[in-house]
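Student: One structure, pasted below without further comment.
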Amino acid sequence: MEIEQELKRAIHKAVASLGIEVGLDQIKLEHPADAKFGDYSANIAMPLFVKVKNQKSPNDFLQKSTGQAKVKVTRPQRLSVAMAGAATPNQSEHGSGQESKIKLSDIKSPLDLAKLIKEEISKIINLKSSIINRIEAVSPGFINFTLLEDYLIRQAEELLSIDKFRQRMAKSGKGKTMVIDYSAPNIAKPFGIGHLRSTTIGQAIYNLYQALGWKTIGDNHLGDWGTQFGKLIYQIELKAKSLKLPPAPRLRRAGKAKTGELEFLQSLTIADLEKLYVEFHKEAEKNPQLEEEARKRFKKLEQGDKEAKEIWQKCVELSLKEFNRVYRLLGVKIDYRYGESFYHFNGWMEKVLSDVKKKGLLKKSRGALVIELPGEEMPAMLVKSDGATLYLLRDLATIKFRMKTWNPDLIVYEVGADHKLHFKQVFKTAVMLDYLEAKKLVHLAHGMIRWKRGKFSTRKGDTIHLEEILKDAVKRAGKLVDQSRTGKGLTKTEKEKIARAVGIGGVKFNDLKQEPERDIIFDWERILSMDGYSGPYLQYTYARAQSVLYKSEITKSQIPKSKSQINFKNQISNDLNQEELSLLRTFYRFGEAVTVSAEQFSPHILCRYLFDLSQKFNLFYQKHRILSLKSEAEGQKQEGGTEQFRLALTQATANILRMGLGILGIETLEKM
RNA sequence: GCGCUCGUAGUUCAAUGGAUAGAACGUUGGAUUGCGGAUCCAAAAGUUGGGGGUUCAAGUCCCUCCGGGCGCACCA
């Protein structure tokens, strides 16, 4: 990554020495899609050419540049060009006896300018020729850089030790703290497929920032407070009444806790709660009065009613049991679990309300407490007209709490796109209350998993349980292991472990490989797919690489800990072949893939990278022998250097896959 | 109605404003007395929803139309 900065500085200097001023931040480098164009490419000559041309007739330039200023407002980069005239001091300052044959004024095309810049860059970069092999100016005006093989090899060597590489990667985020709010299933509702995205993407973002050296704090903001409990309480009361069961707390006080409503409560499962919730909504459709009843029950709960609290608690218990099962299956562990109720029981919402009052922002509207947001039609509602709280208030309380507890540089919400408006309101309000600056708040809104017709609705009961999918995935993976040719020598427990890692890894990867914001149409086959661009493909590549490394030790009877000591030094006797080179050219971009994934909150970028690497490795593997053959006569053996070198390539690939998959929350297997 | 968002091969998706729009699945054909065939290679497949504009350069930015999705205070 340092190389990129260095190149940019060189280009900047080169351009300046031609008497053209551009900001360093306006120099852009990219990796050309086609490897024949080198490793880095700069397009600076093309926009500059236009500017340089226009400067020739001053009037023209004025018109053009003002006209463009208008257009460019929306663009991030704006070129400011101050071209030196023929006899400015600028020119003489840089002009030496070595001045290029082509003059700036003679330039006819972007390509000419690119050539001119290239000449200047060559002068600068020649001094550090241990990095760049070739610089070319090509039509229509790109300047392409090809890295030196030696440099690529040095980069690859860094990857031979995972620990060292991790330390290096963790430099950029030192001292920064991020809180990420993810998963957040709702109590008394099943852990549906909708929460898969928040959980896997959120965990990946968490891991990405951690890899970059941030202090990361994961907080599972459970939906364990709110009017939905009013609905459940109502429905449970109704059921208990129809069973002629007296309310629980009274019985308990009377020492007869084993019967009645309490027993009914004890007998409930999460599936029952789900059913009750759906039943409520069915009834409420016919009789809107029920919504009112539910609101009353929630208000009772919020005011501390014992009976209501008992039912609530039971619901929380039941749900947590289910959630923990799913998290265990997923292999996800979230640092904290401050649910919404935490902010009720600890008085955080009152604190927020008093802040609002102090700022003079509290308004009453149709009996409810709201804040008016400048530029927004709708005010943000904090408290309902009946005095019960709303989730916006709880989210504000959450921000206040998180700032006080961790003082993070960034708070990320991995929550579905259907909450966009909500978070817009939350963020705006939090800034108005001076809790933090707007730039510290990010809503990473993932698209919905939905049917062809529309989104899943818990209210109608048409959810798909995540647990069911995960179990199915493990089952399918199990079948694959049985069929696999290497599966034969494995024990039953080994097979089970593999099936689990492959099944769960497959589901997770499937969710991560797509850009987060787009909707996903639910497709049973797709979510369980295990070939092509999939988790198991990457896992397979890793296992294959490990297998080669393992064998290399057996044949050479090396001790295991020497594995990571394979190195490139003085090992290359021949020219690199195309596949070796393409691996080397992929290796050094790993850190960049991690950084970009994190910055853009897009794990799919890392997914792409890892898949690309795997494809390249598999092709390399197919075309070239890594280990020398024992049976071959001494003289015919691969030269030792080649084997060492290829083993190092294999080791680097395996290490990247292990780190990368680790970040994605996917297990790697030594055998599968 | 208003706001946000998406529309790319048969399907599912990529593509920091750059070069010939790339993958995977599916289809067709091929590869192994060698390190794991859960692999690899090749081929066919595209008017990037339509139209206009900005730009040296547009799938990408702007406008407009069409089509899907999400949201629009007393659920979360």
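Each chain in the structure tokens gets a letter, A, B, ..., in the order shown, and its residues are numbered from 1; ligands are numbered from 1 in order too.
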Please identify all polymer residues within 12 Å of B:G51, counting only C-alpha atoms (C1' of nucleotides), omitting same-chain residues fewer than 5 positions from it, and present them as number ranges by chain.

Tutor: B: 63-66

Student: Kindly assemble as a Markdown table a list of the chain B residues that lie within 10 Å of chain A, each paired with its nearest atom pair and their distance in Å to one decimal, using only C-alpha atoms (C1' of nucleotides), sorted first by chain and then by ascending residue number.

Tutor:
| residue | atom | partner | partner_atom | distance |
| --- | --- | --- | --- | --- |
| B:G3 | C1' | A:Leu421 | CA | 9.3 |
| B:C4 | C1' | A:Lys420 | CA | 8.1 |
| B:U5 | C1' | A:Arg518 | CA | 8.7 |
| B:C6 | C1' | A:Arg518 | CA | 7.2 |
| B:U12 | C1' | A:Arg526 | CA | 8.2 |
| B:C13 | C1' | A:Gln514 | CA | 6.9 |
| B:A14 | C1' | A:Arg608 | CA | 8.3 |
| B:A15 | C1' | A:Ala33 | CA | 9.4 |
| B:U16 | C1' | A:Glu30 | CA | 7.9 |
| B:G17 | C1' | A:Arg75 | CA | 9.7 |
| B:G18 | C1' | A:Asn43 | CA | 7.3 |
| B:A19 | C1' | A:Pro140 | CA | 7.8 |
| B:U20 | C1' | A:Asp34 | CA | 9.8 |
| B:G22 | C1' | A:Ala33 | CA | 9.1 |
| B:A23 | C1' | A:Tyr533 | CA | 8.1 |
| B:A24 | C1' | A:Tyr533 | CA | 5.2 |
| B:C25 | C1' | A:Gly532 | CA | 7.3 |
| B:G34 | C1' | A:Leu629 | CA | 7.6 |
| B:C35 | C1' | A:Val548 | CA | 5.6 |
| B:G36 | C1' | A:Arg544 | CA | 5.9 |
| B:G37 | C1' | A:Arg485 | CA | 9.2 |
| B:A38 | C1' | A:Tyr540 | CA | 6.7 |
| B:U39 | C1' | A:Asn618 | CA | 7.2 |
| B:C40 | C1' | A:Gln622 | CA | 6.1 |
| B:C41 | C1' | A:Leu619 | CA | 9.4 |
| B:U54 | C1' | A:Val71 | CA | 7.1 |
| B:U55 | C1' | A:Val71 | CA | 9.4 |
| B:C56 | C1' | A:Met46 | CA | 6.3 |
| B:A57 | C1' | A:Met46 | CA | 8.7 |
| B:C61 | C1' | A:Arg75 | CA | 7.9 |
| B:C62 | C1' | A:Val71 | CA | 9.0 |
| B:G68 | C1' | A:Arg453 | CA | 9.7 |
| B:G69 | C1' | A:Gly454 | CA | 7.5 |
| B:C70 | C1' | A:Asp418 | CA | 5.6 |
| B:G71 | C1' | A:Asp418 | CA | 6.4 |
| B:C72 | C1' | A:Met378 | CA | 8.6 |
| B:A73 | C1' | A:Met381 | CA | 5.8 |
| B:C74 | C1' | A:Lys384 | CA | 4.6 |
| B:C75 | C1' | A:Thr227 | CA | 6.5 |
| B:A76 | C1' | A:Tyr391 | CA | 6.9 |

Student: Set the distance at 8 Å and use only C-alpha atoms (C1' of nucleotides): which residues neighbour stretch 651-661 of chain A once local chain neighbours fewer than 3 positions away are removed? I'd like the list as a list in words.

Tutor: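 Using only C-alpha atoms (C1' of nucleotides), the neighbours found are Ala156, Glu157, Leu159, Leu160, Ser161, Ile162, Leu538, Tyr542, Ala545, Gln546, Leu549, Ser564, Phe587, Phe590, Leu606, Leu610, Leu613, Ser614, Phe617, Leu647, Ala648, Leu664, Gly665, Ile666, Glu667 and Thr668 of chain A.
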
Student: If you keep N, CA and C atoms, can you produce a file of those selected residues as a CSV table (one decimal), in the first residue's frame?

Tutor:
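The file below, result.csv, is the result:
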chain,number,residue,atom,x,y,z
A,156,ALA,N,5.5,-10.9,-1.3
A,156,ALA,CA,5.0,-12.2,-1.0
A,156,ALA,C,5.6,-12.8,0.2
A,157,GLU,N,6.9,-12.5,0.4
A,157,GLU,CA,7.6,-13.0,1.6
A,157,GLU,C,6.9,-12.5,2.9
A,159,LEU,N,4.0,-12.4,3.5
A,159,LEU,CA,2.8,-13.2,3.7
A,159,LEU,C,3.1,-14.6,4.3
A,160,LEU,N,4.4,-14.9,4.4
A,160,LEU,CA,4.7,-16.2,4.8
A,160,LEU,C,4.6,-16.4,6.3
A,161,SER,N,4.5,-15.3,7.0
A,161,SER,CA,4.3,-15.4,8.5
A,161,SER,C,3.0,-14.6,8.8
A,162,ILE,N,2.0,-15.4,9.1
A,162,ILE,CA,0.7,-14.7,9.4
A,162,ILE,C,0.8,-13.7,10.5
A,538,LEU,N,-13.6,-21.9,-1.8
A,538,LEU,CA,-12.4,-21.3,-1.1
A,538,LEU,C,-11.8,-22.3,0.0
A,542,TYR,N,-8.1,-24.0,0.1
A,542,TYR,CA,-7.2,-23.9,1.3
A,542,TYR,C,-6.8,-25.3,1.7
A,545,ALA,N,-4.2,-26.7,-0.7
A,545,ALA,CA,-2.9,-26.1,-0.5
A,545,ALA,C,-2.2,-26.7,0.8
A,546,GLN,N,-3.0,-26.8,1.8
A,546,GLN,CA,-2.5,-27.3,3.1
A,546,GLN,C,-2.0,-28.8,2.8
A,549,LEU,N,1.4,-28.7,1.3
A,549,LEU,CA,2.4,-28.3,2.3
A,549,LEU,C,2.7,-29.4,3.3
A,564,SER,N,6.5,-22.5,8.1
A,564,SER,CA,6.4,-21.1,7.7
A,564,SER,C,7.7,-20.5,7.4
A,587,PHE,N,-1.1,-11.4,-4.7
A,587,PHE,CA,-0.8,-11.4,-3.3
A,587,PHE,C,-0.7,-10.0,-2.6
A,590,PHE,N,-3.8,-8.0,-1.2
A,590,PHE,CA,-4.6,-8.5,-0.1
A,590,PHE,C,-4.9,-7.4,0.9
A,606,LEU,N,-13.9,-8.2,-0.4
A,606,LEU,CA,-12.9,-9.3,0.0
A,606,LEU,C,-13.3,-10.6,-0.5
A,610,LEU,N,-10.7,-13.0,-2.7
A,610,LEU,CA,-10.3,-14.4,-2.3
A,610,LEU,C,-10.7,-15.4,-3.3
A,613,LEU,N,-8.2,-15.1,-6.1
A,613,LEU,CA,-6.9,-15.7,-5.7
A,613,LEU,C,-7.0,-17.2,-5.8
A,614,SER,N,-8.2,-17.8,-5.4
A,614,SER,CA,-8.3,-19.2,-5.4
A,614,SER,C,-8.3,-19.7,-6.8
A,617,PHE,N,-4.8,-19.8,-8.0
A,617,PHE,CA,-4.0,-20.8,-7.4
A,617,PHE,C,-4.4,-22.2,-8.1
A,647,LEU,N,6.4,-23.9,-3.2
A,647,LEU,CA,5.9,-24.1,-1.9
A,647,LEU,C,5.6,-22.8,-1.2
A,648,ALA,N,6.4,-21.8,-1.4
A,648,ALA,CA,6.2,-20.5,-0.8
A,648,ALA,C,5.0,-19.9,-1.4
A,664,LEU,N,-14.1,-13.1,7.2
A,664,LEU,CA,-15.4,-13.3,6.8
A,664,LEU,C,-16.2,-14.2,7.8
A,665,GLY,N,-15.5,-14.7,8.8
A,665,GLY,CA,-16.2,-15.5,9.8
A,665,GLY,C,-16.4,-16.9,9.3
A,666,ILE,N,-15.6,-17.4,8.4
A,666,ILE,CA,-15.7,-18.7,7.8
A,666,ILE,C,-14.5,-19.6,8.2
A,667,GLU,N,-14.8,-20.8,8.7
A,667,GLU,CA,-13.8,-21.7,9.1
A,667,GLU,C,-12.9,-22.2,8.0
A,668,THR,N,-11.7,-22.4,8.2
A,668,THR,CA,-10.9,-23.2,7.2
A,668,THR,C,-10.6,-24.6,7.8

Student: Quick one: residues within 9 Å of stretch 181-184 of chain A, only C-alpha atoms (C1' of nucleotides), excluding same-chain residues fewer than 3 positions away - as a list of chain:residue names?

Tutor: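 Near neighbours after the sequence-gap exclusion: A:His195, A:Leu196, A:Arg197, A:Ser198, A:Thr199, A:Thr200, A:Ile201, A:Gly202, A:Gln203, A:Ile217, A:Gly218, A:Asp219, A:Asn220, A:His221, A:Leu222, A:Gly223, A:Ile334, A:Arg337, A:Gly339, A:Ile411, A:Val412, A:Tyr413, A:Glu414, A:Val415.
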
Student: Can you tell me, as a list in words, which residues in stretch 413-536 of chain A count as strand (DSSP E) by DSSP?

Tutor: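 The residues of stretch 413-536 of chain A classed as strand (DSSP E) are Tyr413, Glu414, Val415, Gly416, Leu441, Val442, His443, Leu444, Ala445, His446, Ile449, Arg450, Ile520 and Ile521 of chain A.
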